[in-house]
Amino acid sequence: VNLAVLPKWQGRGVAHELVAQVIETARAEGASRVIVATANDNPLALAFYQRLGFVITGILVGKLLEHHGEVEVGFAGIPVRDEIQLELRL
């Protein structure tokens, strides 16, 4: 599942509320953790999830390169290559 918020709604707490609802639902269902992933070129997503208490648990080196078949240029010219996994223990 991809989480994206339209630019006109960014900075208004929409993403925070969406993730908060996922966390609440996971707790209600008895889950012990929530796992998310983002690309290595997405410092905004990394900061967002860490502010919510997620911690980096793994880096799948080359995962996105493998998925896309070639290096894509991402945010700030950073090559999109790796998947960064984060986890929140409930």
# chains A, B, ... in the order shown; residues from 1 in each chain; ligands from 1

$ select_by_dssp --residues "range 15-90 of chain A" --states "alpha helix (DSSP H)" --output "PyMOL selection string"
chain A and resi 15-28+43-51+63-68

$ residues_around --residues "Ile78 in chain A" --least-positions-apart "4" --cutoff "9 Å" --atoms "only C-alpha atoms" --output "number ranges by chain"
A: 40-41, 72-74

$ write_last_selection --atoms "N, CA and C atoms" --output "mmCIF file, in the first residue's frame"
data_model
loop_
_atom_site.group_PDB
_atom_site.id
_atom_site.type_symbol
_atom_site.label_atom_id
_atom_site.label_comp_id
_atom_site.auth_asym_id
_atom_site.auth_seq_id
_atom_site.Cartn_x
_atom_site.Cartn_y
_atom_site.Cartn_z
ATOM 1 N N ASN A 40 15.264 5.183 -0.297
ATOM 2 C CA ASN A 40 16.444 5.840 0.273
ATOM 3 C C ASN A 40 16.525 7.326 -0.075
ATOM 4 N N ASP A 41 15.770 7.778 -1.039
ATOM 5 C CA ASP A 41 15.832 9.190 -1.455
ATOM 6 C C ASP A 41 14.737 10.039 -0.817
ATOM 7 N N GLU A 72 16.952 5.106 -10.953
ATOM 8 C CA GLU A 72 16.141 6.299 -11.203
ATOM 9 C C GLU A 72 16.676 7.407 -10.315
ATOM 10 N N VAL A 73 16.613 8.620 -10.816
ATOM 11 C CA VAL A 73 17.056 9.755 -10.026
ATOM 12 C C VAL A 73 15.880 10.234 -9.200
ATOM 13 N N GLY A 74 16.088 10.331 -7.911
ATOM 14 C CA GLY A 74 15.031 10.733 -7.002
ATOM 15 C C GLY A 74 15.246 12.122 -6.450
#

$ atom_distance --atom1 "CA of Leu6 in chain A" --atom2 "CA of Ala28 in chain A"
28.3 Å

$ atom_distance --atom1 "CA of Phe54 in chain A" --atom2 "CA of Val71 in chain A"
27.2 Å

$ atom_distance --atom1 "CA of Thr38 in chain A" --atom2 "CA of Asp82 in chain A"
8.6 Å
